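Peer 1: Okay, so here is query-v3.cif, and as you'll see once you scroll down, it has mmCIF, C-alpha atoms.
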data_start
#
loop_
_atom_site.label_atom_id
_atom_site.label_comp_id
_atom_site.auth_asym_id
_atom_site.auth_seq_id
_atom_site.Cartn_x
_atom_site.Cartn_y
_atom_site.Cartn_z
CA MET G 1 0.00 0.00 0.00
CA ALA G 2 2.88 2.42 0.74
CA PRO G 3 4.27 2.64 -2.83
CA LEU G 4 0.72 2.92 -4.12
CA SER G 5 0.07 5.76 -1.69
CA VAL G 6 3.02 7.63 -3.20
CA ALA G 7 1.55 7.15 -6.67
CA ILE G 8 -1.88 8.31 -5.51
CA ALA G 9 -0.34 11.36 -3.85
CA VAL G 10 1.61 12.35 -6.98
CA TRP G 11 -1.45 11.86 -9.12
CA GLY G 12 -3.60 13.91 -6.74
CA LEU G 13 -1.02 16.69 -6.57
CA VAL G 14 -0.81 16.90 -10.37
CA THR G 15 -4.59 16.88 -10.68
CA GLY G 16 -4.98 19.63 -8.10
CA VAL G 17 -2.34 21.86 -9.73
CA ALA G 18 -3.86 21.28 -13.19
CA MET G 19 -7.40 22.13 -12.02
CA VAL G 20 -6.38 25.55 -10.75
CA ASN G 21 -4.05 26.25 -13.68
CA SER G 22 -6.83 25.55 -16.16
CA GLY G 23 -8.75 28.44 -14.59
CA LEU G 24 -10.94 26.94 -11.85
CA SER G 25 -11.09 28.98 -8.66
CA ILE G 26 -9.66 27.35 -5.54
CA THR G 27 -13.16 26.93 -4.04
CA VAL G 28 -14.68 25.35 -7.15
CA ALA G 29 -11.65 23.08 -7.55
CA ILE G 30 -11.95 21.84 -3.94
CA VAL G 31 -15.70 21.25 -4.28
CA MET G 32 -15.09 19.36 -7.52
CA THR G 33 -12.40 17.14 -6.05
CA LEU G 34 -14.47 16.35 -2.93
CA THR G 35 -17.58 15.37 -4.90
CA VAL G 36 -16.55 14.02 -8.31
CA PHE G 37 -13.74 11.81 -6.91
CA ALA G 38 -12.57 10.57 -10.34
CA GLY G 39 -9.16 11.98 -11.25
CA SER G 40 -9.00 11.01 -14.90
CA ALA G 41 -12.52 12.30 -15.60
CA GLN G 42 -11.77 15.54 -13.74
CA LEU G 43 -8.61 16.07 -15.80
CA ALA G 44 -10.34 15.12 -19.04
CA VAL G 45 -13.10 17.71 -18.69
CA LEU G 46 -10.78 20.59 -17.67
CA PRO G 47 -10.12 21.75 -21.28
CA LEU G 48 -13.89 21.54 -21.91
CA LEU G 49 -14.80 23.57 -18.81
CA ALA G 50 -12.11 26.14 -19.67
CA THR G 51 -13.81 26.82 -23.02
CA SER G 52 -17.38 26.60 -21.60
CA ALA G 53 -18.19 23.56 -23.75
CA PRO G 54 -21.87 22.49 -23.63
CA LEU G 55 -22.66 20.57 -20.43
CA PRO G 56 -23.86 17.41 -22.22
CA ILE G 57 -20.44 17.19 -23.94
CA VAL G 58 -18.72 17.62 -20.55
CA TRP G 59 -20.81 14.86 -18.98
CA VAL G 60 -20.54 12.44 -21.90
CA THR G 61 -16.76 12.88 -22.00
CA ALA G 62 -16.54 12.03 -18.29
CA LEU G 63 -18.89 9.09 -18.87
CA LEU G 64 -16.68 7.70 -21.65
CA VAL G 65 -13.55 7.99 -19.50
CA ASN G 66 -15.39 6.35 -16.58
CA LEU G 67 -16.92 3.46 -18.51
CA ARG G 68 -14.10 1.24 -17.28
CA PHE G 69 -15.71 1.43 -13.83
CA VAL G 70 -18.84 -0.28 -15.20
CA ILE G 71 -16.64 -3.24 -16.13
CA PHE G 72 -15.00 -3.17 -12.69
CA ALA G 73 -18.42 -3.11 -11.00
CA ALA G 74 -19.65 -6.03 -13.08
CA ALA G 75 -16.49 -7.98 -12.21
CA SER G 76 -16.58 -7.42 -8.43
CA ARG G 77 -20.33 -7.29 -7.70
CA LYS G 78 -20.44 -10.85 -6.32
CA SER G 79 -18.55 -9.73 -3.21
CA PHE G 80 -21.04 -6.95 -2.44
CA VAL G 81 -24.41 -8.08 -3.77
CA MET G 82 -25.65 -9.27 -0.33
CA LEU G 83 -25.18 -5.85 1.32
CA PRO G 84 -27.96 -3.24 1.76
CA TRP G 85 -28.24 -0.81 -1.15
CA GLN G 86 -26.72 2.13 0.72
CA GLN G 87 -23.56 0.13 1.40
CA ARG G 88 -23.46 -1.15 -2.17
CA MET G 89 -23.68 2.40 -3.47
CA LEU G 90 -20.91 3.57 -1.12
CA ALA G 91 -18.68 0.61 -2.01
CA GLY G 92 -19.25 1.34 -5.70
CA TYR G 93 -18.44 5.03 -5.29
CA LEU G 94 -15.13 4.06 -3.64
CA ASN G 95 -14.30 1.32 -6.19
CA GLY G 96 -11.73 3.22 -8.26
CA ASP G 97 -8.85 1.92 -10.34
CA LEU G 98 -6.35 1.07 -7.61
CA GLY G 99 -8.89 -0.21 -5.13
CA PHE G 100 -10.42 -2.56 -7.66
CA ALA G 101 -7.01 -3.79 -8.85
CA LEU G 102 -5.82 -4.57 -5.31
CA PHE G 103 -9.10 -6.15 -4.22
CA SER G 104 -9.57 -8.34 -7.26
CA ARG G 105 -5.97 -9.57 -7.23
CA ARG G 106 -6.03 -10.29 -3.51
CA PHE G 107 -9.20 -12.42 -3.68
CA ALA G 108 -8.98 -13.75 -7.25
CA ASP G 109 -8.67 -17.37 -6.09
CA ASP G 110 -10.97 -17.13 -3.08
CA PRO G 111 -14.05 -19.31 -3.76
CA GLU G 112 -16.11 -17.44 -1.18
CA ARG G 113 -17.46 -14.07 -2.33
CA GLY G 114 -18.45 -11.44 0.19
CA ASN G 115 -17.35 -11.92 3.79
CA PRO G 116 -16.17 -9.54 6.53
CA VAL G 117 -12.47 -10.17 5.75
CA GLN G 118 -12.97 -9.12 2.14
CA TRP G 119 -15.07 -6.09 3.08
CA GLY G 120 -12.50 -5.05 5.68
CA TYR G 121 -9.71 -5.27 3.10
CA PHE G 122 -11.79 -3.30 0.61
CA TYR G 123 -12.77 -0.51 2.97
CA GLY G 124 -9.29 -0.32 4.50
CA GLY G 125 -7.75 0.29 1.08
CA ALA G 126 -10.59 2.60 0.07
CA VAL G 127 -10.22 4.83 3.14
CA VAL G 128 -6.44 5.16 2.69
CA ASN G 129 -6.93 5.85 -1.03
CA TRP G 130 -9.63 8.44 -0.35
CA ALA G 131 -7.63 10.26 2.34
CA VAL G 132 -4.35 10.34 0.38
CA TRP G 133 -6.12 11.40 -2.80
CA MET G 134 -8.13 14.21 -1.15
CA GLY G 135 -5.19 15.47 0.89
CA SER G 136 -2.78 15.59 -2.03
CA SER G 137 -5.27 17.13 -4.48
CA ILE G 138 -6.15 19.89 -2.04
CA VAL G 139 -2.44 20.58 -1.48
CA GLY G 140 -2.06 20.67 -5.28
CA ILE G 141 -4.99 23.07 -5.62
CA LEU G 142 -3.49 25.43 -3.04
CA LEU G 143 0.03 25.20 -4.57
CA GLY G 144 -1.30 25.56 -8.13
CA GLY G 145 -2.74 28.94 -7.29
CA LEU G 146 0.77 30.20 -6.51
CA ALA G 147 2.43 29.25 -9.83
CA PRO G 148 2.62 31.63 -12.83
CA THR G 149 0.45 30.51 -15.76
CA ASP G 150 3.31 30.67 -18.30
CA TRP G 151 5.01 27.71 -16.60
CA GLY G 152 2.63 25.58 -18.65
CA LEU G 153 1.40 23.59 -15.66
CA GLU G 154 -1.86 22.77 -17.45
CA LEU G 155 0.38 20.50 -19.53
CA GLY G 156 0.57 18.42 -16.35
CA ALA G 157 -3.08 17.46 -16.88
CA TYR G 158 -2.28 15.92 -20.24
CA LEU G 159 0.80 14.19 -18.83
CA ALA G 160 -1.26 12.69 -16.02
CA LEU G 161 -3.91 11.48 -18.48
CA LEU G 162 -1.10 9.94 -20.54
CA ALA G 163 -0.13 7.90 -17.47
CA VAL G 164 -3.64 6.39 -17.41
CA LEU G 165 -3.79 5.90 -21.17
CA ILE G 166 -0.47 4.18 -21.88
CA PRO G 167 -1.02 1.06 -19.73
CA MET G 168 -4.36 0.53 -21.51
CA VAL G 169 -2.71 0.45 -24.96
CA HIS G 170 -1.10 -2.97 -25.12
CA ARG G 171 -2.87 -4.92 -27.85
CA LEU G 172 -3.53 -4.44 -31.54
CA PRO G 173 -7.28 -3.60 -31.32
CA VAL G 174 -6.75 -0.79 -28.83
CA VAL G 175 -3.67 0.49 -30.69
CA ALA G 176 -5.74 0.70 -33.89
CA GLY G 177 -8.63 2.35 -32.05
CA VAL G 178 -6.39 4.91 -30.39
CA LEU G 179 -4.62 5.83 -33.66
CA VAL G 180 -7.93 6.32 -35.49
CA THR G 181 -9.31 8.34 -32.57
CA GLY G 182 -6.24 10.59 -32.50
CA LEU G 183 -6.31 11.30 -36.24
CA ILE G 184 -10.04 12.05 -36.31
CA ALA G 185 -9.90 14.10 -33.10
CA VAL G 186 -7.25 16.42 -34.56
CA ALA G 187 -8.95 16.60 -37.95
CA THR G 188 -12.33 17.49 -36.40
CA VAL G 189 -11.09 19.89 -33.72
CA ASN G 190 -12.90 22.78 -35.45
CA PHE G 191 -16.30 21.04 -35.34
CA PRO G 192 -18.92 23.00 -33.37
CA LEU G 193 -19.76 22.07 -29.74
CA ARG G 194 -16.69 19.78 -29.54
CA LEU G 195 -18.68 17.16 -31.44
CA GLY G 196 -15.46 16.04 -33.13
CA LEU G 197 -14.41 14.56 -29.79
CA LEU G 198 -17.40 12.22 -29.64
CA LEU G 199 -17.13 11.36 -33.33
CA ALA G 200 -13.46 10.43 -32.87
CA VAL G 201 -14.23 8.20 -29.87
CA LEU G 202 -17.11 6.43 -31.64
CA ALA G 203 -14.92 5.77 -34.69
CA GLY G 204 -12.02 4.56 -32.53
CA VAL G 205 -14.20 2.18 -30.50
CA GLY G 206 -15.73 0.87 -33.74
CA VAL G 207 -12.30 0.20 -35.24
CA ALA G 208 -11.03 -1.47 -32.04
CA VAL G 209 -14.05 -3.78 -31.82
CA GLY G 210 -13.73 -4.53 -35.56
CA VAL G 211 -10.04 -5.41 -35.29
CA GLU G 212 -10.68 -7.57 -32.23
CA SER G 213 -13.40 -9.56 -33.99
CA ARG G 214 -10.96 -10.34 -36.83
CA ARG G 215 -8.09 -11.41 -34.60
CA PRO G 216 -8.93 -13.95 -31.92
CA ASP G 217 -5.50 -13.44 -30.30
CA GLY G 218 -6.44 -9.81 -29.76
CA GLN G 219 -9.13 -10.91 -27.32
CA SER G 220 -9.49 -9.15 -24.04
CA HIS G 221 -7.74 -10.29 -20.96
CA GLY G 222 -10.54 -9.19 -18.72
CA ALA G 223 -11.41 -6.51 -16.22
CA VAL G 224 -8.98 -7.69 -13.56
CA ALA G 225 -5.98 -7.48 -15.89
CA MET G 226 -7.19 -4.13 -17.20
CA ALA G 227 -7.27 -2.73 -13.68
CA ALA G 228 -3.93 -4.35 -12.89
CA ASP G 229 -2.40 -2.55 -15.88
CA ILE G 230 -3.63 0.77 -14.55
CA ALA G 231 -2.45 -0.01 -11.04
CA ASP G 232 1.00 -1.05 -12.27
CA GLN G 233 1.93 2.59 -12.53
CA GLY G 234 1.93 2.65 -8.74
CA GLU G 235 4.36 -0.18 -8.18
CA VAL G 236 7.37 1.60 -9.66
CA ALA G 237 6.50 5.20 -8.87
CA MET D 1 -14.02 29.54 -17.77
CA GLY D 2 -17.81 29.44 -17.50
CA SER D 3 -20.04 31.08 -14.90
CA THR D 4 -20.41 29.72 -11.37
CA ALA D 5 -23.87 28.31 -12.23
CA TYR D 6 -22.36 26.50 -15.23
CA LEU D 7 -19.57 25.04 -13.08
CA ILE D 8 -21.97 23.93 -10.33
CA ALA D 9 -24.20 22.22 -12.89
CA ALA D 10 -21.12 20.59 -14.43
CA ILE D 11 -19.91 19.31 -11.02
CA VAL D 12 -23.34 17.92 -10.06
CA GLY D 13 -23.52 16.04 -13.36
CA LEU D 14 -19.94 14.78 -13.05
CA THR D 15 -20.64 13.47 -9.53
CA LEU D 16 -23.69 11.61 -10.82
CA VAL D 17 -21.54 10.15 -13.62
CA THR D 18 -19.04 8.83 -11.04
CA ILE D 19 -21.81 7.24 -8.96
CA ALA D 20 -23.64 5.85 -11.99
CA THR D 21 -20.56 4.17 -13.45
CA ARG D 22 -18.85 2.95 -10.27
CA SER D 23 -22.02 1.73 -8.56
CA SER D 24 -23.75 0.55 -11.75
CA PHE D 25 -23.61 -3.21 -11.37
CA PHE D 26 -23.55 -3.04 -7.58
CA MET D 27 -27.10 -1.66 -7.72
CA LEU D 28 -28.57 -3.74 -10.55
CA PRO D 29 -30.40 -7.03 -9.87
CA ALA D 30 -28.09 -10.06 -10.16
CA ARG D 31 -29.97 -11.42 -13.17
CA ILE D 32 -28.81 -8.46 -15.28
CA GLU D 33 -25.34 -9.19 -16.62
CA LEU D 34 -22.97 -7.29 -18.84
CA PRO D 35 -23.28 -8.73 -22.37
CA GLY D 36 -19.93 -9.68 -23.92
CA ASN D 37 -20.21 -7.41 -26.94
CA VAL D 38 -21.17 -4.43 -24.76
CA GLU D 39 -18.21 -5.14 -22.50
CA ARG D 40 -15.87 -5.15 -25.51
CA ALA D 41 -17.07 -1.70 -26.60
CA LEU D 42 -16.93 -0.36 -23.02
CA ARG D 43 -13.38 -1.61 -22.66
CA TYR D 44 -12.09 0.48 -25.55
CA ALA D 45 -14.05 3.68 -24.84
CA PRO D 46 -11.86 5.03 -21.99
CA ALA D 47 -8.60 4.68 -23.99
CA CYS D 48 -10.20 6.35 -27.01
CA ALA D 49 -11.74 9.16 -24.92
CA LEU D 50 -8.41 9.89 -23.21
CA THR D 51 -6.68 9.91 -26.62
CA ALA D 52 -9.22 12.35 -28.05
CA ILE D 53 -8.82 14.72 -25.10
CA ILE D 54 -5.00 14.60 -25.20
CA THR D 55 -4.68 14.99 -28.99
CA GLN D 56 -7.23 17.81 -29.21
CA GLY D 57 -5.49 19.55 -26.32
CA VAL D 58 -1.92 19.17 -27.48
CA LEU D 59 -2.09 18.93 -31.29
CA ALA D 60 -4.49 21.83 -31.83
CA ARG D 61 -4.54 25.54 -31.15
CA ASN D 62 -7.40 28.02 -31.62
CA HIS D 63 -9.63 25.23 -32.96
CA GLN D 64 -7.17 24.33 -35.74
CA PRO D 65 -4.81 21.36 -35.98
CA TYR D 66 -1.31 22.42 -34.86
CA VAL D 67 1.25 19.76 -35.75
CA SER D 68 4.49 21.74 -36.04
CA VAL D 69 8.10 21.68 -34.85
CA HIS D 70 7.18 24.83 -32.92
CA ASN D 71 4.55 22.96 -30.87
CA TYR D 72 6.54 22.55 -27.64
CA GLU D 73 3.73 20.73 -25.85
CA MET D 74 3.78 18.10 -28.60
CA TRP D 75 7.48 17.38 -28.03
CA ALA D 76 6.94 17.32 -24.27
CA ILE D 77 4.15 14.74 -24.65
CA VAL D 78 6.19 12.61 -27.05
CA ALA D 79 9.19 12.60 -24.69
CA ALA D 80 6.98 11.86 -21.69
CA ALA D 81 5.22 9.01 -23.50
CA LEU D 82 8.57 7.40 -24.36
CA VAL D 83 9.79 7.71 -20.77
CA PHE D 84 6.59 6.25 -19.34
CA ALA D 85 6.40 3.41 -21.87
CA LYS D 86 9.98 2.49 -20.93
CA THR D 87 9.93 3.00 -17.16
CA ARG D 88 6.23 3.05 -16.07
CA ASN D 89 7.37 5.72 -13.63
CA MET D 90 4.83 8.53 -13.44
CA ILE D 91 7.06 10.93 -11.54
CA ALA D 92 9.92 10.54 -14.07
CA MET D 93 7.44 11.01 -16.90
CA ILE D 94 5.98 14.23 -15.54
CA VAL D 95 9.43 15.65 -14.71
CA VAL D 96 10.74 14.87 -18.22
CA GLY D 97 7.61 16.23 -19.91
CA MET D 98 7.65 19.48 -17.98
CA ALA D 99 11.45 19.82 -18.42
CA VAL D 100 11.26 19.37 -22.21
CA PHE D 101 8.45 21.93 -22.42
CA THR D 102 10.24 24.44 -20.20
CA VAL D 103 13.61 24.11 -21.99
CA LEU D 104 11.97 24.59 -25.41
CA ARG D 105 9.86 27.50 -24.17
CA LEU D 106 12.87 29.32 -22.71
CA SER D 107 15.20 28.51 -25.64
CA PHE D 108 13.13 29.63 -28.63
#
Rewrite the coordinates I just gave you, this time as structure tokens.
Peer 2:
Amino acid sequence: MAPLSVAIAVWGLVTGVAMVNSGLSITVAIVMTLTVFAGSAQLAVLPLLATSAPLPIVWVTALLVNLRFVIFAAASRKSFVMLPWQQRMLAGYLNGDLGFALFSRRFADDPERGNPVQWGYFYGGAVVNWAVWMGSSIVGILLGGLAPTDWGLELGAYLALLAVLIPMVHRLPVVAGVLVTGLIAVATVNFPLRLGLLLAVLAGVGVAVGVESRRPDGQSHGAVAMAADIADQGEVA
Amino acid sequence: MGSTAYLIAAIVGLTLVTIATRSSFFMLPARIELPGNVERALRYAPACALTAIITQGVLARNHQPYVSVHNYEMWAIVAAALVFAKTRNMIAMIVVGMAVFTVLRLSF
């Protein structure tokens, strides 16, 4: 947990600095970090908020970035399904990238799903993750307000997103999808209402699914491995 | 940056998006499962969405494509991507990316 905490803290710091440097006030940035609690989605919508993009585009962009959590929820629901709905909702809200990766690796071979040991492990990790994340992002928000804008610290937002993206790009279908998305996104950047963004994502997902269906060896390796890829950034940070 | 009302509306919606995605299958009845073909599409969407955000942010300026040797952010991202692909070290990647950008900005 200690090396992961360092990674979470760096990531939170970068996110906090980037939020303020993109133009959010310190108050709005703190409210956003305390409620939204999804670093990659927060970073992804910053350029949209800075240009007052239409709200549906902001929300759909966050939704697309967060769709991986739907897969995580589907993969880990068996351990939580017997709890009351309030606890299921709370556990879901806390089930981010690192938490899911740790939990699913720890209990991958455990035939029993959902017992106090597993819940204790889950909530222990979730509380540490939440506290480190919130503390470091608020420090980043406060520090970000001190830095001159020509230092280019909003670039940090794109660098941090790159750290989430790169571990996801490891097989031919996703490589093809990402290349197509990048080309179309740049070519359509002048489209009104940032619709080029959605067009590029739809085309990229279509290409990735198409390539996968043609190449059986490009098949997925599942939600657990996907989360493990994302969490790997923490083990060497 | 938009008005305070715009930002509050944005934050409320973003919070609902977090809850809806993270808690999705925790709240649904057990008989509803994630169909395989839907899962495949969902799996690729985050990588594509992150790519679209990064490329539109770094390879464009004033709503026009900006792929040029003078695009310092582009070189910073390329250098950072190479460092991260090689080392998987986020701190090294951010330091290298910011250093490349700063050196180019101050040199030219």
Peer 1: At a cut-off of 7 Å, using all atoms listed in the file, what residues contact region 33-41 of chain G? Leave out same-chain residues fewer than 6 positions from it and give the result as a list of chain:residue names.
Peer 2: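 Returned residues: G:Thr15, G:Ala62, G:Val65, G:Asn66, G:Met134, G:Leu161, D:Ile11, D:Leu14, D:Thr15, D:Thr18.
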Peer 1: Emit the selected residues as a PDB file, keeping the file's coordinate frame, including C-alpha atoms.
Peer 2:
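Listing of again_10.pdb after writing:
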ATOM      1  CA  THR G  15      -4.590  16.880 -10.680  1.00  0.00           C
ATOM      2  CA  ALA G  62     -16.540  12.030 -18.290  1.00  0.00           C
ATOM      3  CA  VAL G  65     -13.550   7.990 -19.500  1.00  0.00           C
ATOM      4  CA  ASN G  66     -15.390   6.350 -16.580  1.00  0.00           C
ATOM      5  CA  MET G 134      -8.130  14.210  -1.150  1.00  0.00           C
ATOM      6  CA  LEU G 161      -3.910  11.480 -18.480  1.00  0.00           C
TER       7      LEU G 161
ATOM      8  CA  ILE D  11     -19.910  19.310 -11.020  1.00  0.00           C
ATOM      9  CA  LEU D  14     -19.940  14.780 -13.050  1.00  0.00           C
ATOM     10  CA  THR D  15     -20.640  13.470  -9.530  1.00  0.00           C
ATOM     11  CA  THR D  18     -19.040   8.830 -11.040  1.00  0.00           C
TER      12      THR D  18
END
Peer 1: Given the file shown, enumerate the residues that the PyMOL selection byres ((chain D and resi 60-72) around 9) captures and present them as a PyMOL selection string.
Peer 2: (chain G and resi 186-191) or (chain D and resi 55-59+73-77+100-102+104-105+108)
Peer 1: Name the residues in contact with Leu34 (chain D) at a cut-off of 12 Å, using all atoms listed in the file, excluding same-chain residues fewer than 6 positions from it; report them as a ChimeraX atom specification.
Peer 2: /G:70-75,77,223 /D:24-25,28,40-43
Peer 1: Could you tell me, as a list in words, exactly which residues end up selected when the PyMOL selection byres ((chain G and resi 178) around 10) is applied to this structure?
Peer 2: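 With the PyMOL selection byres ((chain G and resi 178) around 10) on this model, the match is Leu165, Val169, Leu172, Pro173, Val174, Val175, Ala176, Gly177, Leu179, Val180, Thr181, Gly182, Leu183, Ile184, Ala200, Val201, Ala203, Gly204, Val205, Val207 and Ala208 of chain G; Tyr44, Ala45, Ala47, Cys48, Ala49, Leu50, Thr51 and Ala52 of chain D.
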Peer 1: I'd like the interatomic distance between CA of Leu155 (chain G) and CA of Asn89 (chain D), to a tenth of an Å.
Peer 2: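 These two atoms are separated by 17.4 Å.
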